[in-house]
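J.: To start, I am sharing the structure in question, which I have written as structure tokens.
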Amino acid sequence: MNYLLEVQAEERRLLEVKNLKKYFPVKAGVLRKTVAHVKAVDGVSFHINEGETLGLVGESGCGKSTTGHTILRLLEATGGEVIFDGKDVLSLNRREMREIRKEMQIIFQDPYASLNPRMTVGEIIAEPLIIHKLVKNKEERREKVAWLLDSVGLTADHMSRFPHEFSGGQRQRIGIARALAVNPRLIIADEPVSALDVSIQAQVINLLQDLQKKFSLTYLFIAHDLSVVKHISDRIGVMYLGKIVELADKDELFNNPLHPYTKALLSAIPVPDPEHKKERIILKGDVPNPVNPPKGCPFHPRCPSAKDICKQVVPELKDYGNGHFASCHLLEE
Ligand code: SF4
């Protein structure tokens, strides 16, 4: 790539995460001494271009939500870098962080727990407008809230109602409206449809796609299910025990998975056409305890292709062409 193209490609990067780490101390004894660490996020790196959706998938406890929360500094990182639009997020002071939060919003998994039950929907959506001084008076506030409700498929009549009066899907729409209130550029969608009925999931994903086009949004879309991220993502990263084990363009990942873990996840997705049915790869055992992860490749105790080297040496995440990254010793042969 020549220098100019390289600069242009760099310029499109809205978010860059480099070697991000989040370790939680494990305390024990009367003195509550730190006896170990849970490496919830252990050297995660990726970027997201402006207007793109990066899906992040993995089983529960793999560190994908912690990655999202650490990027926004809802949790403080143990190490690494988060560069948003050229700004070093992890070194910003409180005032600077408050400013940048307008541009980086989050939609939480549980629309029941993330909305204050004592506030009306109008108050919930107006709150960020007031905090960030984005409206001048009551009338302007009301107009903006009505417009936001309309944008997510609800109406101004819903403003005076309370969250418990809405269905799960509607509550998630309220959470999306609240996130949109501050005109963000990046939205971290943390399992936004996991708590919803399957019939409602597609509606919310379609809404997020429509909003992405309308407001030129960039998404980090976190889910535990590859079939959920498939529809919305441009690229997908697969996480296992705090690390990204594979990252590729969506079609490339689905058509040509390289890592045994990704292959197992893909084999679990039901295929409607029996002619294209793949043999299901059943993984042995559960995800290992992150307090005491296995030596070598963290996936080796469950991997159907594990070899001796896998028990000793951690495989590096390498680029196997066209931005298709994977970490597995088998690929190095
Ligand atoms: Fe399996 Fe070894 Fe590859 Fe890890 S490095 S995924 S254990 S083959």
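In the structure tokens, chains take the letters A, B, ... in the order shown, each chain's residues start at 1, and ligands count up from 1 in the order shown.
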Any idea what's packed within 10 Å of region 79-85 of chain A, counting only C-alpha atoms, ignoring anything in its chain fewer than 2 positions away? Could you give it as a PyMOL selection string?
T.: chain A and resi 11-23+41-48+50+70-73+76-77+87-91+100+103-104+185-186
J.: Restrict the calculation to only C-alpha atoms, then for each residue of region 169-226 of chain A with any atom at most 9 Å from an atom of region 126-143 of chain A give the closest atom pair and their distance in Å to one decimal, rows by chain and rising residue number, as a Markdown table.
T.:
| residue | atom | partner | partner_atom | distance |
| --- | --- | --- | --- | --- |
| A:Arg178 | CA | A:Pro128 | CA | 7.2 |
| A:Ala179 | CA | A:Pro128 | CA | 8.3 |
| A:Ala181 | CA | A:Leu129 | CA | 6.4 |
| A:Val182 | CA | A:Leu129 | CA | 6.5 |
J.: Just the strand (DSSP E or B) stuff from region 115-210 of chain A, please, per backbone DSSP, written as a ChimeraX atom specification.
T.: /A:186-190
J.: As an exercise, work out the distance from CA of Ala326 (chain A) to CA of His37 (chain A) in Å and give it to one decimal place.
T.: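 Result for CA of Ala326 (chain A) versus CA of His37 (chain A): 25.6 Å, one decimal.
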J.: At a cut-off of 9 Å around ligand 1, and using only C-alpha atoms and all ligand atoms, what residues come up? Please write them as a PyMOL selection string.
T.: chain A and resi 245+259-261+296-311+313-316+327-331
J.: What does the file look like for those residues with N, CA and C atoms, as a PDB file, in the first residue's frame?
T.:
ATOM      1  N   VAL A 245      -9.467 -14.645  19.176  1.00  0.00           N
ATOM      2  CA  VAL A 245      -8.799 -15.797  18.560  1.00  0.00           C
ATOM      3  C   VAL A 245      -8.944 -15.783  17.042  1.00  0.00           C
ATOM      4  N   HIS A 259     -10.007 -20.828  12.814  1.00  0.00           N
ATOM      5  CA  HIS A 259      -9.740 -21.298  14.185  1.00  0.00           C
ATOM      6  C   HIS A 259     -10.728 -22.408  14.578  1.00  0.00           C
ATOM      7  N   PRO A 260     -10.235 -23.470  15.234  1.00  0.00           N
ATOM      8  CA  PRO A 260     -11.141 -24.566  15.625  1.00  0.00           C
ATOM      9  C   PRO A 260     -12.327 -24.096  16.487  1.00  0.00           C
ATOM     10  N   TYR A 261     -12.128 -23.062  17.296  1.00  0.00           N
ATOM     11  CA  TYR A 261     -13.236 -22.576  18.132  1.00  0.00           C
ATOM     12  C   TYR A 261     -14.333 -21.945  17.262  1.00  0.00           C
ATOM     13  N   GLY A 296      -0.333 -22.418  27.655  1.00  0.00           N
ATOM     14  CA  GLY A 296      -0.327 -22.574  26.191  1.00  0.00           C
ATOM     15  C   GLY A 296      -1.561 -21.959  25.573  1.00  0.00           C
ATOM     16  N   CYS A 297      -2.116 -22.623  24.563  1.00  0.00           N
ATOM     17  CA  CYS A 297      -3.343 -22.115  23.937  1.00  0.00           C
ATOM     18  C   CYS A 297      -4.503 -22.279  24.923  1.00  0.00           C
ATOM     19  N   PRO A 298      -5.196 -21.188  25.262  1.00  0.00           N
ATOM     20  CA  PRO A 298      -6.262 -21.305  26.265  1.00  0.00           C
ATOM     21  C   PRO A 298      -7.393 -22.233  25.838  1.00  0.00           C
ATOM     22  N   PHE A 299      -7.458 -22.540  24.542  1.00  0.00           N
ATOM     23  CA  PHE A 299      -8.545 -23.389  24.041  1.00  0.00           C
ATOM     24  C   PHE A 299      -8.162 -24.876  24.057  1.00  0.00           C
ATOM     25  N   HIS A 300      -6.890 -25.199  24.396  1.00  0.00           N
ATOM     26  CA  HIS A 300      -6.422 -26.578  24.174  1.00  0.00           C
ATOM     27  C   HIS A 300      -7.218 -27.663  24.917  1.00  0.00           C
ATOM     28  N   PRO A 301      -7.714 -27.410  26.164  1.00  0.00           N
ATOM     29  CA  PRO A 301      -8.431 -28.530  26.815  1.00  0.00           C
ATOM     30  C   PRO A 301      -9.723 -28.926  26.087  1.00  0.00           C
ATOM     31  N   ARG A 302     -10.249 -28.048  25.236  1.00  0.00           N
ATOM     32  CA  ARG A 302     -11.512 -28.351  24.554  1.00  0.00           C
ATOM     33  C   ARG A 302     -11.323 -28.545  23.050  1.00  0.00           C
ATOM     34  N   CYS A 303     -10.103 -28.334  22.575  1.00  0.00           N
ATOM     35  CA  CYS A 303      -9.903 -28.304  21.124  1.00  0.00           C
ATOM     36  C   CYS A 303      -9.791 -29.720  20.545  1.00  0.00           C
ATOM     37  N   PRO A 304     -10.600 -30.050  19.530  1.00  0.00           N
ATOM     38  CA  PRO A 304     -10.514 -31.388  18.936  1.00  0.00           C
ATOM     39  C   PRO A 304      -9.217 -31.597  18.152  1.00  0.00           C
ATOM     40  N   SER A 305      -8.464 -30.517  17.849  1.00  0.00           N
ATOM     41  CA  SER A 305      -7.246 -30.659  17.037  1.00  0.00           C
ATOM     42  C   SER A 305      -5.971 -30.408  17.842  1.00  0.00           C
ATOM     43  N   ALA A 306      -6.082 -30.320  19.170  1.00  0.00           N
ATOM     44  CA  ALA A 306      -4.918 -29.935  19.989  1.00  0.00           C
ATOM     45  C   ALA A 306      -3.735 -30.895  19.823  1.00  0.00           C
ATOM     46  N   LYS A 307      -2.514 -30.295  19.819  1.00  0.00           N
ATOM     47  CA  LYS A 307      -1.283 -31.087  19.731  1.00  0.00           C
ATOM     48  C   LYS A 307      -0.426 -30.759  20.958  1.00  0.00           C
ATOM     49  N   ASP A 308       0.720 -31.380  21.064  1.00  0.00           N
ATOM     50  CA  ASP A 308       1.555 -31.150  22.250  1.00  0.00           C
ATOM     51  C   ASP A 308       1.938 -29.689  22.420  1.00  0.00           C
ATOM     52  N   ILE A 309       2.347 -29.047  21.321  1.00  0.00           N
ATOM     53  CA  ILE A 309       2.796 -27.647  21.403  1.00  0.00           C
ATOM     54  C   ILE A 309       1.697 -26.739  21.974  1.00  0.00           C
ATOM     55  N   CYS A 310       0.437 -27.117  21.723  1.00  0.00           N
ATOM     56  CA  CYS A 310      -0.701 -26.294  22.166  1.00  0.00           C
ATOM     57  C   CYS A 310      -0.756 -26.194  23.696  1.00  0.00           C
ATOM     58  N   LYS A 311      -0.210 -27.215  24.385  1.00  0.00           N
ATOM     59  CA  LYS A 311      -0.257 -27.220  25.852  1.00  0.00           C
ATOM     60  C   LYS A 311       0.850 -26.377  26.455  1.00  0.00           C
ATOM     61  N   VAL A 313       2.751 -23.555  24.376  1.00  0.00           N
ATOM     62  CA  VAL A 313       3.039 -22.251  23.749  1.00  0.00           C
ATOM     63  C   VAL A 313       1.729 -21.555  23.355  1.00  0.00           C
ATOM     64  N   VAL A 314       1.629 -20.274  23.754  1.00  0.00           N
ATOM     65  CA  VAL A 314       0.444 -19.490  23.378  1.00  0.00           C
ATOM     66  C   VAL A 314       0.562 -19.113  21.894  1.00  0.00           C
ATOM     67  N   PRO A 315      -0.411 -19.469  21.057  1.00  0.00           N
ATOM     68  CA  PRO A 315      -0.300 -19.090  19.643  1.00  0.00           C
ATOM     69  C   PRO A 315      -0.536 -17.595  19.458  1.00  0.00           C
ATOM     70  N   GLU A 316       0.204 -17.003  18.524  1.00  0.00           N
ATOM     71  CA  GLU A 316       0.056 -15.558  18.264  1.00  0.00           C
ATOM     72  C   GLU A 316      -1.081 -15.310  17.283  1.00  0.00           C
ATOM     73  N   SER A 327      -5.385 -17.116  15.689  1.00  0.00           N
ATOM     74  CA  SER A 327      -4.272 -17.577  16.530  1.00  0.00           C
ATOM     75  C   SER A 327      -4.398 -19.071  16.733  1.00  0.00           C
ATOM     76  N   CYS A 328      -3.630 -19.831  15.973  1.00  0.00           N
ATOM     77  CA  CYS A 328      -3.684 -21.294  16.122  1.00  0.00           C
ATOM     78  C   CYS A 328      -2.402 -21.881  15.546  1.00  0.00           C
ATOM     79  N   HIS A 329      -1.783 -22.804  16.290  1.00  0.00           N
ATOM     80  CA  HIS A 329      -0.532 -23.423  15.822  1.00  0.00           C
ATOM     81  C   HIS A 329      -0.729 -24.213  14.527  1.00  0.00           C
ATOM     82  N   LEU A 330      -1.923 -24.743  14.317  1.00  0.00           N
ATOM     83  CA  LEU A 330      -2.161 -25.545  13.107  1.00  0.00           C
ATOM     84  C   LEU A 330      -1.917 -24.733  11.838  1.00  0.00           C
ATOM     85  N   LEU A 331      -2.209 -23.416  11.930  1.00  0.00           N
ATOM     86  CA  LEU A 331      -2.100 -22.558  10.751  1.00  0.00           C
ATOM     87  C   LEU A 331      -0.650 -22.215  10.442  1.00  0.00           C
TER      88      LEU A 331
END
J.: Need to verify the contact set: region 164-172 of chain A, 10 Å, only C-alpha atoms, exclusion of same-chain residues closer than 4 positions in sequence. Can you return it as a ChimeraX atom specification?
T.: /A:107-112,114-118,120-121,152-154,158,176-178,192-193,195-197,199-201,203-204
J.: Set the distance at 12 Å and use only C-alpha atoms: which residues neighbour Val35 (chain A) once local chain neighbours fewer than 4 positions away are removed? I'd like the list as a CSV table (one decimal) with C-alpha atoms, in the first residue's frame.
T.:
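Output file out-v8.csv follows:
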chain,number,residue,atom,x,y,z
A,24,PHE,CA,-9.8,-8.1,38.2
A,25,PRO,CA,-8.1,-8.9,41.5
A,26,VAL,CA,-9.2,-12.0,43.4
A,27,LYS,CA,-9.1,-11.3,47.2
A,28,ALA,CA,-9.0,-13.8,50.0
A,29,GLY,CA,-8.4,-14.1,53.7
A,31,LEU,CA,-7.0,-9.1,55.2
A,291,VAL,CA,-8.6,-17.3,37.5
A,292,ASN,CA,-6.5,-20.3,36.5
J.: So, counting only C-alpha atoms, which residue among A:Lys213, A:His324, A:Lys318, A:Lys295 is closest to Ile236 (chain A)?
T.: A:His324
J.: Any idea what the distance is between CA of Lys144 (chain A) and CA of Glu99 (chain A)?
T.: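 Separation of CA of Lys144 (chain A) and CA of Glu99 (chain A): 20.0 Å.
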J.: Quick one: everything within 7 Å of Lys64 (chain A), counting only C-alpha atoms, minus sequence neighbours fewer than 6 positions away in the same chain. Send it as a PyMOL selection string.
T.: chain A and resi 56-57+222+239
J.: Can you spit out the residues from that selection as a compact mmCIF listing (two decimals), in the first residue's frame, using N, CA and C atoms?
T.:
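Wrote selection-v4.txt, looks like this:
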# COMPACT_ATOMS: atom_id res chain seq x y z
N LEU A 56 -18.58 -8.61 17.99
CA LEU A 56 -17.66 -9.29 18.91
C LEU A 56 -18.46 -10.42 19.55
N VAL A 57 -18.01 -11.67 19.33
CA VAL A 57 -18.78 -12.81 19.85
C VAL A 57 -17.92 -13.72 20.71
N ILE A 222 -21.91 -6.43 20.38
CA ILE A 222 -21.45 -7.57 21.19
C ILE A 222 -22.59 -8.58 21.33
N MET A 239 -14.03 -14.06 20.45
CA MET A 239 -13.22 -14.03 21.69
C MET A 239 -13.32 -15.33 22.46
J.: Using Å and a single decimal, report how far CA of Gly58 (chain A) sits from CA of Lys214 (chain A).
T.: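 Going from CA of Lys214 (chain A) over to CA of Gly58 (chain A), I get 29.2 Å.
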